[in-house]
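Reading through the structure tokens given below for one structure.
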Amino acid sequence: MLARLAPAAALFFLLAACSSMSEVTSVGKDTYSVTYSSGTQLLTWVELKNQTLQRAEQYCQSIGRKLQKPKITSNHATGLGSKRATVTFECGAIEPPKEDKQ
């Protein structure tokens with residue numbers, strides 16, 4: 001009986017250890033939020049925050065805009081605890097290049 005439960009238990013623990021990125025959600029006019037959780041994956045805070053910022057930037061680019069005013073918050077977990085970073089950001093208009101008058 002226990003032998004049959006072992007693969008299911010192993011799968012449960014593998015899935016629980018996975019990291020996850022939330023969907024980008026709108027929290028106001030041109031303002032969005034995305035959260036990345038490391039699960040039990042061993043990531044530094046720098047890696048975690050960079051991946052979350054990268055997702056925010058990708059989102060803005062996908063709608064033809066640019067990332068502006070990112071604000072990063074975290075759960076300040078230490079040790080082997082699951083780390084979580086949230087980026088709240090704006091997607092601003094891309095300014096056309098200015099032509100030099102000669």
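Ligands are numbered from 1 in the order shown, chains are lettered A, B, ... in the order of the structure tokens, and residues start at 1 in each chain.
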
* Fewer than 6 positions away in the same chain doesn't count, so skip those; otherwise give me all residues within 9 Å of Ala93 in chain A, counting only C-alpha atoms, as a PyMOL selection string. => chain A and resi 64-66

What would the file look like if the residues just selected were written as a PDB file, in the first residue's frame with C-alpha atoms?
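This is the output file result.pdb:
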```pdb
ATOM      1  CA  GLY A  64       4.032  48.547 -27.191  1.00  0.00           C
ATOM      2  CA  ARG A  65       5.046  50.548 -24.143  1.00  0.00           C
ATOM      3  CA  LYS A  66       8.046  50.807 -21.804  1.00  0.00           C
TER       4      LYS A  66
END
```

Would you mind listing what lies within 12 Å of Trp45 in chain A as a PDB file with N, CA and C atoms, in the first residue's frame, with only C-alpha atoms counted and same-chain residues fewer than 6 positions away left out?
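Dumped everything to result.pdb:
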```pdb
ATOM      1  N   TYR A  36       6.531  37.029  -8.167  1.00  0.00           N
ATOM      2  CA  TYR A  36       7.279  35.801  -8.416  1.00  0.00           C
ATOM      3  C   TYR A  36       7.599  35.166  -7.081  1.00  0.00           C
ATOM      4  N   SER A  37       7.292  33.873  -6.961  1.00  0.00           N
ATOM      5  CA  SER A  37       7.575  33.125  -5.734  1.00  0.00           C
ATOM      6  C   SER A  37       8.576  32.029  -6.063  1.00  0.00           C
ATOM      7  N   SER A  38       9.616  31.914  -5.258  1.00  0.00           N
ATOM      8  CA  SER A  38      10.683  30.955  -5.548  1.00  0.00           C
ATOM      9  C   SER A  38      10.342  29.526  -5.168  1.00  0.00           C
ATOM     10  N   GLN A  51      14.276  38.528 -12.188  1.00  0.00           N
ATOM     11  CA  GLN A  51      13.312  37.777 -12.984  1.00  0.00           C
ATOM     12  C   GLN A  51      11.936  38.443 -12.957  1.00  0.00           C
ATOM     13  N   THR A  52      11.571  38.985 -11.811  1.00  0.00           N
ATOM     14  CA  THR A  52      10.277  39.664 -11.705  1.00  0.00           C
ATOM     15  C   THR A  52      10.284  40.951 -12.525  1.00  0.00           C
ATOM     16  N   ILE A  72       9.614  47.609  -6.032  1.00  0.00           N
ATOM     17  CA  ILE A  72       9.788  46.211  -5.663  1.00  0.00           C
ATOM     18  C   ILE A  72       9.548  46.042  -4.169  1.00  0.00           C
ATOM     19  N   THR A  73       8.724  45.064  -3.833  1.00  0.00           N
ATOM     20  CA  THR A  73       8.515  44.695  -2.430  1.00  0.00           C
ATOM     21  C   THR A  73       8.788  43.199  -2.308  1.00  0.00           C
ATOM     22  N   SER A  74       9.097  42.752  -1.101  1.00  0.00           N
ATOM     23  CA  SER A  74       9.362  41.333  -0.895  1.00  0.00           C
ATOM     24  C   SER A  74       8.836  40.903   0.464  1.00  0.00           C
ATOM     25  N   ASN A  75       8.837  39.578   0.665  1.00  0.00           N
ATOM     26  CA  ASN A  75       8.384  39.054   1.953  1.00  0.00           C
ATOM     27  C   ASN A  75       9.536  38.901   2.944  1.00  0.00           C
ATOM     28  N   HIS A  76      10.758  39.256   2.548  1.00  0.00           N
ATOM     29  CA  HIS A  76      11.941  39.242   3.412  1.00  0.00           C
ATOM     30  C   HIS A  76      12.219  37.879   4.034  1.00  0.00           C
ATOM     31  N   ALA A  77      11.863  36.802   3.337  1.00  0.00           N
ATOM     32  CA  ALA A  77      12.127  35.456   3.843  1.00  0.00           C
ATOM     33  C   ALA A  77      13.634  35.209   3.871  1.00  0.00           C
ATOM     34  N   THR A  78      14.071  34.422   4.828  1.00  0.00           N
ATOM     35  CA  THR A  78      15.479  34.070   4.933  1.00  0.00           C
ATOM     36  C   THR A  78      15.615  32.553   4.965  1.00  0.00           C
ATOM     37  N   GLY A  79      16.831  32.084   4.834  1.00  0.00           N
ATOM     38  CA  GLY A  79      17.074  30.642   4.887  1.00  0.00           C
ATOM     39  C   GLY A  79      16.434  29.926   3.721  1.00  0.00           C
ATOM     40  N   SER A  82      10.385  30.112   1.316  1.00  0.00           N
ATOM     41  CA  SER A  82      10.012  30.593  -0.015  1.00  0.00           C
ATOM     42  C   SER A  82      10.129  32.110  -0.075  1.00  0.00           C
ATOM     43  N   LYS A  83      10.891  32.591  -1.039  1.00  0.00           N
ATOM     44  CA  LYS A  83      11.057  34.031  -1.222  1.00  0.00           C
ATOM     45  C   LYS A  83      10.009  34.514  -2.220  1.00  0.00           C
ATOM     46  N   ARG A  84       9.530  35.727  -2.030  1.00  0.00           N
ATOM     47  CA  ARG A  84       8.508  36.291  -2.921  1.00  0.00           C
ATOM     48  C   ARG A  84       8.811  37.757  -3.172  1.00  0.00           C
ATOM     49  N   ALA A  85       8.790  38.137  -4.446  1.00  0.00           N
ATOM     50  CA  ALA A  85       8.987  39.539  -4.818  1.00  0.00           C
ATOM     51  C   ALA A  85       7.802  39.985  -5.662  1.00  0.00           C
ATOM     52  N   THR A  86       7.345  41.200  -5.401  1.00  0.00           N
ATOM     53  CA  THR A  86       6.255  41.792  -6.176  1.00  0.00           C
ATOM     54  C   THR A  86       6.753  43.094  -6.778  1.00  0.00           C
TER      55      THR A  86
END
```

* **Interatomic distance (Å, one decimal) between CA of Phe89 in chain A and CA of Arg55 in chain A** =>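 Between CA of Phe89 in chain A and CA of Arg55 in chain A the gap is 11.0 Å.
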
* Take CA of Glu90 in chain A and CA of Ile63 in chain A and report the distance between them in Å, one decimal. =>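 Rounded to one decimal, the two atoms are 11.9 Å apart.
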
* To do: Could you check how far CA of Glu23 in chain A sits from CA of Gln58 in chain A, in Å to one decimal?
  =>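 Interatomic distance here is 12.1 Å.
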
* To do: Have a look at A:Cys18, A:Leu67, A:Cys91, A:Ala56 and name the one nearest to Thr31 in chain A; count only C-alpha atoms.
  =>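 Closest to Thr31 in chain A, using only C-alpha atoms: A:Cys91.
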